[in-house]
>>> print(open('entry-v7.pdb').read())   # PDB, C-alpha atoms
ATOM      1  CA  MET O   1      67.110 123.376 101.582
ATOM      2  CA  THR O   2      70.017 121.725  99.830
ATOM      3  CA  ARG O   3      69.649 118.738 102.116
ATOM      4  CA  ILE O   4      65.960 118.400 101.266
ATOM      5  CA  ALA O   5      66.736 118.654  97.557
ATOM      6  CA  THR O   6      69.452 115.980  97.887
ATOM      7  CA  ALA O   7      67.144 113.653  99.830
ATOM      8  CA  THR O   8      64.375 114.105  97.259
ATOM      9  CA  PHE O   9      66.817 113.439  94.437
ATOM     10  CA  ALA O  10      68.056 110.286  96.186
ATOM     11  CA  LEU O  11      64.464 109.089  96.620
ATOM     12  CA  LEU O  12      63.725 109.671  92.942
ATOM     13  CA  LEU O  13      66.907 107.866  91.923
ATOM     14  CA  GLY O  14      66.053 105.026  94.298
ATOM     15  CA  ALA O  15      62.619 104.735  92.777
ATOM     16  CA  CYS O  16      63.802 104.299  89.195
ATOM     17  CA  SER O  17      67.178 102.604  89.538
ATOM     18  CA  SER O  18      68.138  99.074  90.446
ATOM     19  CA  THR O  19      71.056  97.780  92.512
ATOM     20  CA  THR O  20      72.729  94.389  91.978
ATOM     21  CA  VAL O  21      75.139  93.028  94.588
ATOM     22  CA  VAL O  22      77.213  89.842  94.242
ATOM     23  CA  LEU O  23      79.391  88.316  96.960
ATOM     24  CA  LEU O  24      82.649  87.151  95.353
ATOM     25  CA  PRO O  25      84.657  84.108  96.482
ATOM     26  CA  GLU O  26      87.725  84.902  98.613
ATOM     27  CA  PRO O  27      91.078  83.877  97.089
ATOM     28  CA  ASP O  28      91.797  81.792 100.225
ATOM     29  CA  GLY O  29      88.280  80.309 100.470
ATOM     30  CA  ARG O  30      87.609  82.108 103.786
ATOM     31  CA  LYS O  31      83.938  82.543 104.794
ATOM     32  CA  THR O  32      82.639  86.093 104.667
ATOM     33  CA  ALA O  33      79.320  87.904 104.609
ATOM     34  CA  LEU O  34      77.717  91.038 103.318
ATOM     35  CA  THR O  35      74.469  92.599 104.507
ATOM     36  CA  VAL O  36      72.401  94.439 101.929
ATOM     37  CA  THR O  37      69.843  96.698 103.565
ATOM     38  CA  ASP O  38      66.984  98.494 101.861
ATOM     39  CA  SER O  39      63.626  99.874 102.916
ATOM     40  CA  ARG O  40      62.203  96.331 102.918
ATOM     41  CA  GLY O  41      64.816  94.927 105.308
ATOM     42  CA  ASP O  42      68.107  93.010 105.265
ATOM     43  CA  VAL O  43      69.406  90.361 102.879
ATOM     44  CA  VAL O  44      72.548  88.551 104.041
ATOM     45  CA  LEU O  45      74.852  87.195 101.321
ATOM     46  CA  ASP O  46      77.165  84.526 102.770
ATOM     47  CA  GLN O  47      77.916  82.070  99.946
ATOM     48  CA  PRO O  48      80.221  82.662  96.955
ATOM     49  CA  TYR O  49      78.209  84.213  94.105
ATOM     50  CA  ALA O  50      75.163  84.757  96.328
ATOM     51  CA  ALA O  51      73.498  87.845  94.872
ATOM     52  CA  VAL O  52      70.559  90.179  95.253
ATOM     53  CA  ARG O  53      68.850  92.472  92.782
ATOM     54  CA  ARG O  54      66.773  95.295  94.179
ATOM     55  CA  ASN O  55      64.517  97.915  92.613
ATOM     56  CA  ALA O  56      61.486  99.927  93.681
ATOM     57  CA  LEU O  57      59.157  96.968  93.153
ATOM     58  CA  ARG O  58      61.024  93.947  94.485
ATOM     59  CA  THR O  59      64.051  92.530  96.287
ATOM     60  CA  GLU O  60      65.163  89.388  94.504
ATOM     61  CA  PRO O  61      67.917  87.133  95.912
ATOM     62  CA  TYR O  62      69.484  84.830  93.312
ATOM     63  CA  ALA O  63      72.595  82.768  92.580
ATOM     64  CA  SER O  64      75.063  84.500  90.275
ATOM     65  CA  SER O  65      78.032  82.747  88.640
ATOM     66  CA  ALA O  66      81.607  83.321  87.524
ATOM     67  CA  ASP O  67      80.376  83.919  83.952
ATOM     68  CA  ALA O  68      77.719  86.443  84.980
ATOM     69  CA  VAL O  69      80.242  88.302  87.146
ATOM     70  CA  LYS O  70      82.667  88.445  84.228
ATOM     71  CA  ARG O  71      79.928  89.839  81.987
ATOM     72  CA  ASP O  72      78.655  92.446  84.479
ATOM     73  CA  PHE O  73      81.893  93.405  86.219
ATOM     74  CA  GLY O  74      84.681  92.469  83.781
ATOM     75  CA  PRO O  75      86.127  95.983  83.338
ATOM     76  CA  ALA O  76      85.833  96.843  87.059
ATOM     77  CA  LEU O  77      87.610  93.612  88.054
ATOM     78  CA  ALA O  78      90.272  94.105  85.366
ATOM     79  CA  ALA O  79      91.030  97.546  86.859
ATOM     80  CA  GLN O  80      91.554  96.141  90.360
ATOM     81  CA  PRO O  81      94.916  97.278  91.769
ATOM     82  CA  PRO O  82      97.519  94.549  92.433
ATOM     83  CA  ARG O  83      97.154  92.943  95.869
ATOM     84  CA  GLU O  84      99.548  93.932  98.612
ATOM     85  CA  LYS O  85     102.746  91.960  99.224
ATOM     86  CA  ARG O  86     104.164  91.624 102.743
ATOM     87  CA  PHE O  87     107.731  91.232 103.941
ATOM     88  CA  THR O  88     108.567  90.510 107.587
ATOM     89  CA  LEU O  89     111.814  91.638 109.249
ATOM     90  CA  HIS O  90     112.837  90.533 112.754
ATOM     91  CA  PHE O  91     114.639  92.457 115.484
ATOM     92  CA  PRO O  92     116.843  91.693 118.504
ATOM     93  CA  GLU O  93     115.139  92.196 121.893
ATOM     94  CA  GLY O  94     114.580  95.868 122.782
ATOM     95  CA  ARG O  95     116.497  97.084 119.688
ATOM     96  CA  ASP O  96     115.573  98.908 116.492
ATOM     97  CA  GLU O  97     118.249  97.466 114.159
ATOM     98  CA  VAL O  98     117.100  94.817 111.688
ATOM     99  CA  ALA O  99     118.404  91.332 112.563
ATOM    100  CA  ASP O 100     121.133  90.063 110.195
ATOM    101  CA  GLU O 101     119.011  87.112 109.048
ATOM    102  CA  SER O 102     116.306  89.565 107.852
ATOM    103  CA  ARG O 103     118.555  91.608 105.530
ATOM    104  CA  ALA O 104     117.646  89.440 102.501
ATOM    105  CA  GLU O 105     113.936  90.024 103.171
ATOM    106  CA  LEU O 106     114.547  93.786 103.173
ATOM    107  CA  ASP O 107     116.281  93.471  99.783
ATOM    108  CA  ALA O 108     113.309  91.469  98.458
ATOM    109  CA  ALA O 109     110.936  94.251  99.595
ATOM    110  CA  LEU O 110     113.053  96.843  97.763
ATOM    111  CA  ARG O 111     112.867  94.749  94.560
ATOM    112  CA  GLU O 112     109.057  94.490  94.858
ATOM    113  CA  ILE O 113     108.761  98.268  95.378
ATOM    114  CA  ALA O 114     110.889  98.912  92.283
ATOM    115  CA  ALA O 115     108.790  96.477  90.209
ATOM    116  CA  ARG O 116     105.498  98.343  90.803
ATOM    117  CA  PRO O 117     104.654 101.390  88.647
ATOM    118  CA  VAL O 118     103.117 103.353  91.548
ATOM    119  CA  ALA O 119     104.055 101.583  94.761
ATOM    120  CA  ASP O 120     103.136 102.979  98.128
ATOM    121  CA  VAL O 121     104.645 101.347 101.149
ATOM    122  CA  LEU O 122     103.501 100.868 104.736
ATOM    123  CA  VAL O 123     106.078 100.031 107.355
ATOM    124  CA  VAL O 124     104.388  98.638 110.462
ATOM    125  CA  GLY O 125     106.365  97.961 113.651
ATOM    126  CA  HIS O 126     105.475  95.363 116.296
ATOM    127  CA  THR O 127     106.888  94.258 119.647
ATOM    128  CA  ASP O 128     106.653  91.136 121.762
ATOM    129  CA  LEU O 129     104.699  91.129 125.030
ATOM    130  CA  VAL O 130     107.623  92.198 127.239
ATOM    131  CA  GLY O 131     107.168  95.672 128.740
ATOM    132  CA  SER O 132     104.357  98.191 129.094
ATOM    133  CA  GLY O 133     101.878  99.205 126.413
ATOM    134  CA  PRO O 134     103.167 102.786 125.946
ATOM    135  CA  LEU O 135     106.791 101.609 125.865
ATOM    136  CA  ASN O 136     105.975  98.992 123.243
ATOM    137  CA  ASP O 137     104.040 101.537 121.165
ATOM    138  CA  ALA O 138     107.162 103.734 121.140
ATOM    139  CA  LEU O 139     109.531 100.839 120.356
ATOM    140  CA  ALA O 140     107.282  99.539 117.558
ATOM    141  CA  LYS O 141     107.209 103.004 115.962
ATOM    142  CA  GLN O 142     110.985 103.346 116.404
ATOM    143  CA  ARG O 143     111.525 100.039 114.557
ATOM    144  CA  ALA O 144     109.213 101.137 111.757
ATOM    145  CA  ASP O 145     110.955 104.531 111.496
ATOM    146  CA  ALA O 146     114.368 102.839 111.250
ATOM    147  CA  VAL O 147     113.217 100.610 108.380
ATOM    148  CA  ARG O 148     111.508 103.525 106.661
ATOM    149  CA  ALA O 149     114.740 105.549 106.862
ATOM    150  CA  GLU O 150     116.694 102.701 105.244
ATOM    151  CA  LEU O 151     114.139 102.311 102.416
ATOM    152  CA  VAL O 152     114.340 106.050 101.702
ATOM    153  CA  ARG O 153     118.145 106.003 101.887
ATOM    154  CA  ARG O 154     118.116 103.189  99.315
ATOM    155  CA  GLY O 155     116.022 105.118  96.814
ATOM    156  CA  VAL O 156     112.326 104.816  97.720
ATOM    157  CA  ALA O 157     110.535 108.188  97.438
ATOM    158  CA  ALA O 158     110.033 109.608 100.951
ATOM    159  CA  ASP O 159     106.391 110.518 100.271
ATOM    160  CA  ALA O 160     105.642 106.932  99.207
ATOM    161  CA  VAL O 161     106.534 105.358 102.585
ATOM    162  CA  GLN O 162     104.554 105.682 105.810
ATOM    163  CA  ALA O 163     105.741 104.272 109.124
ATOM    164  CA  SER O 164     103.449 103.343 112.005
ATOM    165  CA  GLY O 165     103.645 101.236 115.143
ATOM    166  CA  ARG O 166     101.121  98.697 116.426
ATOM    167  CA  GLY O 167     102.910  98.075 119.756
ATOM    168  CA  SER O 168     102.118  94.600 121.088
ATOM    169  CA  ARG O 169      98.517  94.599 119.810
ATOM    170  CA  GLU O 170      99.107  92.145 116.976
ATOM    171  CA  PRO O 171     101.561  89.421 118.002
ATOM    172  CA  ALA O 172     102.455  86.960 115.237
ATOM    173  CA  VAL O 173     102.481  84.248 117.909
ATOM    174  CA  SER O 174     100.238  84.367 120.992
ATOM    175  CA  THR O 175     102.200  84.306 124.235
ATOM    176  CA  ALA O 176     101.600  85.119 127.899
ATOM    177  CA  PRO O 177     102.423  88.722 128.910
ATOM    178  CA  GLY O 178     106.128  89.212 129.613
ATOM    179  CA  VAL O 179     107.352  86.454 127.255
ATOM    180  CA  ALA O 180     110.296  87.447 125.016
ATOM    181  CA  GLU O 181     109.257  85.990 121.646
ATOM    182  CA  PRO O 182     111.590  86.697 118.702
ATOM    183  CA  ARG O 183     108.849  86.076 116.114
ATOM    184  CA  ASN O 184     106.777  88.921 117.591
ATOM    185  CA  ARG O 185     109.603  91.493 117.413
ATOM    186  CA  ARG O 186     109.143  92.467 113.821
ATOM    187  CA  VAL O 187     108.435  95.065 111.171
ATOM    188  CA  GLU O 188     106.110  94.304 108.323
ATOM    189  CA  ILE O 189     106.733  96.057 105.030
ATOM    190  CA  VAL O 190     103.478  96.190 103.084
ATOM    191  CA  VAL O 191     103.984  97.026  99.416
ATOM    192  CA  ARG O 192     100.836  98.035  97.570
TER     193      ARG O 192
ATOM    194  CA  MET M   1      71.529 115.224 116.041
ATOM    195  CA  THR M   2      71.397 116.291 119.699
ATOM    196  CA  ARG M   3      74.194 118.242 121.331
ATOM    197  CA  ALA M   4      75.019 115.253 123.573
ATOM    198  CA  ARG M   5      75.580 113.069 120.520
ATOM    199  CA  LEU M   6      77.611 115.741 118.780
ATOM    200  CA  LEU M   7      79.849 116.099 121.835
ATOM    201  CA  ALA M   8      80.236 112.334 122.006
ATOM    202  CA  LEU M   9      81.765 112.462 118.521
ATOM    203  CA  VAL M  10      84.531 114.884 119.490
ATOM    204  CA  PRO M  11      86.961 112.380 121.109
ATOM    205  CA  LEU M  12      86.162 109.909 118.310
ATOM    206  CA  LEU M  13      87.182 112.407 115.636
ATOM    207  CA  ALA M  14      90.313 113.395 117.540
ATOM    208  CA  ALA M  15      91.337 109.718 117.524
ATOM    209  CA  PHE M  16      91.631 109.653 113.721
ATOM    210  CA  PRO M  17      94.766 111.550 112.708
ATOM    211  CA  LEU M  18      94.379 110.686 109.028
ATOM    212  CA  LEU M  19      90.949 112.257 108.819
ATOM    213  CA  ALA M  20      91.985 114.889 106.302
ATOM    214  CA  ALA M  21      94.420 114.715 103.419
ATOM    215  CA  GLU M  22      95.225 111.578 101.467
ATOM    216  CA  ILE M  23      93.084 108.509 101.922
ATOM    217  CA  GLY M  24      94.072 106.485  98.881
ATOM    218  CA  GLN M  25      95.922 106.379  95.575
ATOM    219  CA  VAL M  26      94.989 105.667  91.980
ATOM    220  CA  LYS M  27      96.892 102.545  90.884
ATOM    221  CA  THR M  28      95.367 101.797  87.495
ATOM    222  CA  ALA M  29      93.449 103.946  85.010
ATOM    223  CA  THR M  30      92.326 103.397  81.425
ATOM    224  CA  GLY M  31      90.281 105.644  79.143
ATOM    225  CA  SER M  32      88.553 108.705  80.523
ATOM    226  CA  VAL M  33      88.628 108.957  84.344
ATOM    227  CA  VAL M  34      88.323 112.157  86.362
ATOM    228  CA  ILE M  35      88.339 113.152  90.014
ATOM    229  CA  GLU M  36      86.027 115.961  91.093
ATOM    230  CA  ARG M  37      87.279 117.876  94.116
ATOM    231  CA  ALA M  38      85.897 121.176  95.430
ATOM    232  CA  GLY M  39      84.384 122.060  92.073
ATOM    233  CA  ALA M  40      87.518 121.311  90.062
ATOM    234  CA  THR M  41      88.110 118.291  87.827
ATOM    235  CA  THR M  42      91.456 116.548  87.315
ATOM    236  CA  ALA M  43      92.416 113.484  85.303
ATOM    237  CA  ALA M  44      92.885 110.374  87.459
ATOM    238  CA  LYS M  45      96.256 108.981  86.393
ATOM    239  CA  PRO M  46      98.131 106.228  88.254
ATOM    240  CA  GLY M  47      99.881 107.802  91.253
ATOM    241  CA  VAL M  48      97.262 110.512  91.852
ATOM    242  CA  ARG M  49      96.207 110.765  95.518
ATOM    243  CA  ILE M  50      92.585 110.490  96.628
ATOM    244  CA  GLU M  51      91.091 112.707  99.343
ATOM    245  CA  THR M  52      87.912 112.593 101.416
ATOM    246  CA  SER M  53      84.846 113.892  99.522
ATOM    247  CA  ASP M  54      86.418 113.198  96.117
ATOM    248  CA  VAL M  55      84.040 111.979  93.441
ATOM    249  CA  VAL M  56      85.529 109.574  90.894
ATOM    250  CA  ARG M  57      83.849 109.448  87.495
ATOM    251  CA  THR M  58      84.622 107.130  84.566
ATOM    252  CA  GLY M  59      83.623 107.720  80.925
ATOM    253  CA  PRO M  60      82.192 105.166  78.458
ATOM    254  CA  ASP M  61      85.727 103.785  77.840
ATOM    255  CA  GLY M  62      87.009 104.353  81.395
ATOM    256  CA  SER M  63      88.017 102.147  84.303
ATOM    257  CA  VAL M  64      90.052 102.911  87.416
ATOM    258  CA  GLY M  65      91.577 101.064  90.388
ATOM    259  CA  ILE M  66      92.207 102.703  93.760
ATOM    260  CA  THR M  67      94.016 101.369  96.833
ATOM    261  CA  MET M  68      92.753 102.982 100.053
ATOM    262  CA  SER M  69      95.054 103.594 103.012
ATOM    263  CA  ASP M  70      93.397 100.755 104.977
ATOM    264  CA  ASN M  71      94.304  98.387 102.072
ATOM    265  CA  ALA M  72      90.779  98.306 100.649
ATOM    266  CA  LEU M  73      90.737  97.980  96.841
ATOM    267  CA  LEU M  74      88.050  99.798  94.862
ATOM    268  CA  SER M  75      87.718  99.523  91.103
ATOM    269  CA  LEU M  76      85.188 101.048  88.762
ATOM    270  CA  GLY M  77      84.025  99.935  85.328
ATOM    271  CA  PRO M  78      82.806 102.349  82.615
ATOM    272  CA  ASN M  79      80.099 105.040  83.100
ATOM    273  CA  SER M  80      80.437 104.947  86.870
ATOM    274  CA  VAL M  81      80.249 107.575  89.614
ATOM    275  CA  LEU M  82      81.668 106.845  93.071
ATOM    276  CA  ALA M  83      81.688 109.395  95.922
ATOM    277  CA  LEU M  84      84.163 108.825  98.766
ATOM    278  CA  ASP M  85      81.921 110.451 101.381
ATOM    279  CA  SER M  86      83.971 109.885 104.506
ATOM    280  CA  PHE M  87      87.071 107.993 105.503
ATOM    281  CA  ALA M  88      88.926 107.815 108.806
ATOM    282  CA  PHE M  89      91.581 105.252 109.711
ATOM    283  CA  ASP M  90      93.818 105.021 112.760
ATOM    284  CA  THR M  91      96.986 103.187 111.704
ATOM    285  CA  THR M  92      97.752 102.170 115.316
ATOM    286  CA  THR M  93      94.381 100.737 116.394
ATOM    287  CA  TYR M  94      92.942 100.037 112.904
ATOM    288  CA  GLN M  95      89.702 101.664 114.064
ATOM    289  CA  GLY M  96      87.996 103.712 111.426
ATOM    290  CA  LYS M  97      85.011 104.445 109.285
ATOM    291  CA  PHE M  98      84.522 104.344 105.534
ATOM    292  CA  ASP M  99      81.450 105.498 103.615
ATOM    293  CA  ALA M 100      81.219 105.522  99.835
ATOM    294  CA  THR M 101      78.290 105.962  97.457
ATOM    295  CA  LEU M 102      77.954 104.415  94.005
ATOM    296  CA  THR M 103      75.324 106.465  92.160
ATOM    297  CA  LYS M 104      75.753 104.633  88.869
ATOM    298  CA  GLY M 105      77.884 102.073  87.098
ATOM    299  CA  SER M 106      79.844  99.107  88.428
ATOM    300  CA  LEU M 107      82.192  98.765  91.400
ATOM    301  CA  ALA M 108      84.336  95.869  92.631
ATOM    302  CA  VAL M 109      85.485  95.977  96.259
ATOM    303  CA  VAL M 110      88.022  94.108  98.359
ATOM    304  CA  SER M 111      87.479  95.431 101.863
ATOM    305  CA  GLY M 112      90.406  96.468 104.024
ATOM    306  CA  LYS M 113      91.454  96.800 107.652
ATOM    307  CA  ILE M 114      88.569  99.065 108.697
ATOM    308  CA  ALA M 115      85.950  96.429 107.798
ATOM    309  CA  LYS M 116      88.063  93.653 109.308
ATOM    310  CA  GLN M 117      88.583  95.443 112.625
ATOM    311  CA  SER M 118      84.982  96.638 113.095
ATOM    312  CA  PRO M 119      82.167  94.903 111.226
ATOM    313  CA  ASP M 120      79.868  97.434 109.551
ATOM    314  CA  ALA M 121      82.364 100.328 109.923
ATOM    315  CA  MET M 122      82.541 100.221 106.109
ATOM    316  CA  LYS M 123      79.398 101.044 104.192
ATOM    317  CA  VAL M 124      78.757 101.291 100.473
ATOM    318  CA  ARG M 125      75.535 103.047  99.522
ATOM    319  CA  THR M 126      73.585 102.955  96.293
ATOM    320  CA  PRO M 127      70.411 104.904  95.515
ATOM    321  CA  ALA M 128      68.361 101.886  96.635
ATOM    322  CA  SER M 129      70.452 100.071  99.253
ATOM    323  CA  VAL M 130      73.116 100.179 101.955
ATOM    324  CA  LEU M 131      75.797  97.475 101.992
ATOM    325  CA  GLY M 132      77.319  96.604 105.380
ATOM    326  CA  VAL M 133      80.702  95.016 104.801
ATOM    327  CA  ARG M 134      82.340  92.331 106.990
ATOM    328  CA  GLY M 135      85.772  91.614 105.553
ATOM    329  CA  THR M 136      84.802  90.578 102.092
ATOM    330  CA  GLU M 137      85.025  90.823  98.306
ATOM    331  CA  PHE M 138      81.987  91.823  96.344
ATOM    332  CA  ALA M 139      80.735  93.625  93.288
ATOM    333  CA  VAL M 140      77.869  96.103  93.025
ATOM    334  CA  LYS M 141      76.115  97.582  90.020
ATOM    335  CA  VAL M 142      73.593 100.401  89.693
ATOM    336  CA  ASP M 143      71.538 100.716  86.511
TER     337      ASP M 143
END
>>> encode(input="entry-v7.pdb", output="structure tokens")
Amino acid sequence: MTRIATATFALLLGACSSTTVVLLPEPDGRKTALTVTDSRGDVVLDQPYAAVRRNALRTEPYASSADAVKRDFGPALAAQPPREKRFTLHFPEGRDEVADESRAELDAALREIAARPVADVLVVGHTDLVGSGPLNDALAKQRADAVRAELVRRGVAADAVQASGRGSREPAVSTAPGVAEPRNRRVEIVVR
Amino acid sequence: MTRARLLALVPLLAAFPLLAAEIGQVKTATGSVVIERAGATTAAKPGVRIETSDVVRTGPDGSVGITMSDNALLSLGPNSVLALDSFAFDTTTYQGKFDATLTKGSLAVVSGKIAKQSPDAMKVRTPASVLGVRGTEFAVKVD
């Protein structure tokens, strides 16, 4: 009964409301796409400022602009949270202690965390392609846990830091299996 | 939904440890902004955690910015209503699913890891349309 009422309500809303969608340019100029689907089919937006306006009567693709976006979405865009910042720490082979040359990067991450009013922090561990999948999952998590413990010891609120491991799924540098690659043995601190 | 399809969902759900609990955090808020959760309403101040099924509502002077746990950024302009219908994100595999509904107002989105890992795993609905997201920034408005 409730479901029927909700569906009817959605239909009524759909009949009298209109939806406008604008694809925004990426900061790095990367190509992206967005599919807007309604009862009349799909519209693919794949150029910066490509837009579509849809109501019960028509689906109208058009070209929006920076000015129109500012007018229609100014307050929403102004409220956008700050983008994440990433810091990469490296590790000796098979170990979970941060390499000496990465200590400065850890300090920089701590400064960024302190500078944000409500920072939350992700600590993501990675391994190179030496060793088995399960072993690397465990080692990656161990590296992340070690960094998380240091951040907390140095004043970051424990409930603001999450540690996870990605094993060898996301090497920074592609290598053949079994290759010891220092650049892949790392922890990324994501401050957001 | 048939029983076979329901059963097929069981291992999928078990794979998402972050299914419940916190899925995001309010980072910016101005004017009147509330979160509706299980019939109760609380003010959305920076630092407040977001959970699945929360509805975020801004007043005539309100705007709010939320960072989701997959790094997606959602921000609402004034007089907006956004329901966070479902959210699941596996921090090891980056597999997940994200459904939100904008029933009115304006929303700016920077998609996160879920949309990057699996095209169309993130969907934003409006009363008239469904938006399938493929690693992108966009804005949507319902009037």
>>> resolve_selection(input="entry-v7.pdb", expression="the PyMOL selection byres ((chain M and resi 65-69) around 7)", output="list in words")
Ala79, Gln80 and Pro81 of chain O; Ile23, Gly24, Gln25, Val26, Lys27, Thr28, Ala29, Val64, Asp70, Asn71, Ala72, Leu73, Leu74, Ser75 and Leu76 of chain M
>>> resolve_selection(input="entry-v7.pdb", expression="the ChimeraX specification (/M :<6) & /O", output="PyMOL selection string")
chain O and resi 10+13-14+17-24+32-38+75-76+79-81+118+165-166
>>> resolve_selection(input="entry-v7.pdb", expression="the PyMOL selection byres ((chain M and resi 51) around 10)", output="compact mmCIF listing (two decimals) with C-alpha atoms, in the frame of the given file")
# COMPACT_ATOMS: atom_id res chain seq x y z
CA LEU M 19 90.95 112.26 108.82
CA ALA M 20 91.98 114.89 106.30
CA ALA M 21 94.42 114.72 103.42
CA GLU M 22 95.22 111.58 101.47
CA ILE M 23 93.08 108.51 101.92
CA GLY M 24 94.07 106.48 98.88
CA GLN M 25 95.92 106.38 95.58
CA ILE M 35 88.34 113.15 90.01
CA ARG M 37 87.28 117.88 94.12
CA VAL M 48 97.26 110.51 91.85
CA ARG M 49 96.21 110.76 95.52
CA ILE M 50 92.58 110.49 96.63
CA THR M 52 87.91 112.59 101.42
CA SER M 53 84.85 113.89 99.52
CA ASP M 54 86.42 113.20 96.12
CA VAL M 55 84.04 111.98 93.44
CA MET M 68 92.75 102.98 100.05
CA LEU M 84 84.16 108.82 98.77
CA ASP M 85 81.92 110.45 101.38
CA SER M 86 83.97 109.88 104.51
CA PHE M 87 87.07 107.99 105.50
>>> residues_around(input="entry-v7.pdb", residues="Asp96 in chain O", least_positions_apart="5", cutoff="9 Å", atoms="all atoms listed in the file", output="list of chain:residue names")
O:Phe91, O:Leu139, O:Ala140, O:Gln142, O:Arg143, O:Ala144, O:Asp145, O:Ala146, O:Val147
>>> atom_distance(input="entry-v7.pdb", atom1="CA of Ala121 in chain M", atom2="CA of Leu135 in chain O")
29.2 Å
>>> axis_aligned_box(input="entry-v7.pdb", around="range 129-139 of chain M", padding_each_side="4 Å", output="AutoDock Vina command-line options")
--center_x 78.1 --center_y 95.4 --center_z 100.1 --size_x 23.3 --size_y 17.6 --size_z 21.7
>>> atom_distance(input="entry-v7.pdb", atom1="CA of Leu110 in chain O", atom2="CA of Ala172 in chain O")
22.7 Å
>>> residues_near_point(input="entry-v7.pdb", point="(105.9, 91.7, 119.2)", cutoff="10 Å", atoms="only C-alpha atoms", output="short mmCIF file (atom, residue, chain, number, x, y, z; two decimals) with C-alpha atoms, keeping the file's coordinate frame")
data_model
loop_
_atom_site.label_atom_id
_atom_site.label_comp_id
_atom_site.auth_asym_id
_atom_site.auth_seq_id
_atom_site.Cartn_x
_atom_site.Cartn_y
_atom_site.Cartn_z
CA HIS O 90 112.84 90.53 112.75
CA PHE O 91 114.64 92.46 115.48
CA GLU O 93 115.14 92.20 121.89
CA GLY O 125 106.36 97.96 113.65
CA HIS O 126 105.48 95.36 116.30
CA THR O 127 106.89 94.26 119.65
CA ASP O 128 106.65 91.14 121.76
CA LEU O 129 104.70 91.13 125.03
CA VAL O 130 107.62 92.20 127.24
CA ASN O 136 105.98 98.99 123.24
CA LEU O 139 109.53 100.84 120.36
CA ALA O 140 107.28 99.54 117.56
CA ARG O 166 101.12 98.70 116.43
CA GLY O 167 102.91 98.08 119.76
CA SER O 168 102.12 94.60 121.09
CA ARG O 169 98.52 94.60 119.81
CA GLU O 170 99.11 92.14 116.98
CA PRO O 171 101.56 89.42 118.00
CA ALA O 172 102.46 86.96 115.24
CA VAL O 173 102.48 84.25 117.91
CA SER O 174 100.24 84.37 120.99
CA THR O 175 102.20 84.31 124.24
CA VAL O 179 107.35 86.45 127.26
CA ALA O 180 110.30 87.45 125.02
CA GLU O 181 109.26 85.99 121.65
CA PRO O 182 111.59 86.70 118.70
CA ARG O 183 108.85 86.08 116.11
CA ASN O 184 106.78 88.92 117.59
CA ARG O 185 109.60 91.49 117.41
CA ARG O 186 109.14 92.47 113.82
CA VAL O 187 108.44 95.06 111.17
#
>>> atom_distance(input="entry-v7.pdb", atom1="CA of Val121 in chain O", atom2="CA of Lys113 in chain M")
15.4 Å
>>> residues_around(input="entry-v7.pdb", residues="Ala109 in chain O", least_positions_apart="2", cutoff="12 Å", atoms="only C-alpha atoms", output="compact mmCIF listing (two decimals) with C-alpha atoms, keeping the file's coordinate frame")
# COMPACT_ATOMS: atom_id res chain seq x y z
CA GLU O 84 99.55 93.93 98.61
CA LYS O 85 102.75 91.96 99.22
CA ARG O 86 104.16 91.62 102.74
CA PHE O 87 107.73 91.23 103.94
CA THR O 88 108.57 90.51 107.59
CA LEU O 89 111.81 91.64 109.25
CA SER O 102 116.31 89.56 107.85
CA ARG O 103 118.56 91.61 105.53
CA ALA O 104 117.65 89.44 102.50
CA GLU O 105 113.94 90.02 103.17
CA LEU O 106 114.55 93.79 103.17
CA ASP O 107 116.28 93.47 99.78
CA ARG O 111 112.87 94.75 94.56
CA GLU O 112 109.06 94.49 94.86
CA ILE O 113 108.76 98.27 95.38
CA ALA O 114 110.89 98.91 92.28
CA ALA O 115 108.79 96.48 90.21
CA ARG O 116 105.50 98.34 90.80
CA ALA O 119 104.06 101.58 94.76
CA ASP O 120 103.14 102.98 98.13
CA VAL O 121 104.64 101.35 101.15
CA LEU O 122 103.50 100.87 104.74
CA VAL O 123 106.08 100.03 107.36
CA VAL O 147 113.22 100.61 108.38
CA ARG O 148 111.51 103.52 106.66
CA GLU O 150 116.69 102.70 105.24
CA LEU O 151 114.14 102.31 102.42
CA ARG O 154 118.12 103.19 99.32
CA VAL O 156 112.33 104.82 97.72
CA VAL O 187 108.44 95.06 111.17
CA GLU O 188 106.11 94.30 108.32
CA ILE O 189 106.73 96.06 105.03
CA VAL O 190 103.48 96.19 103.08
CA VAL O 191 103.98 97.03 99.42
CA ARG O 192 100.84 98.04 97.57
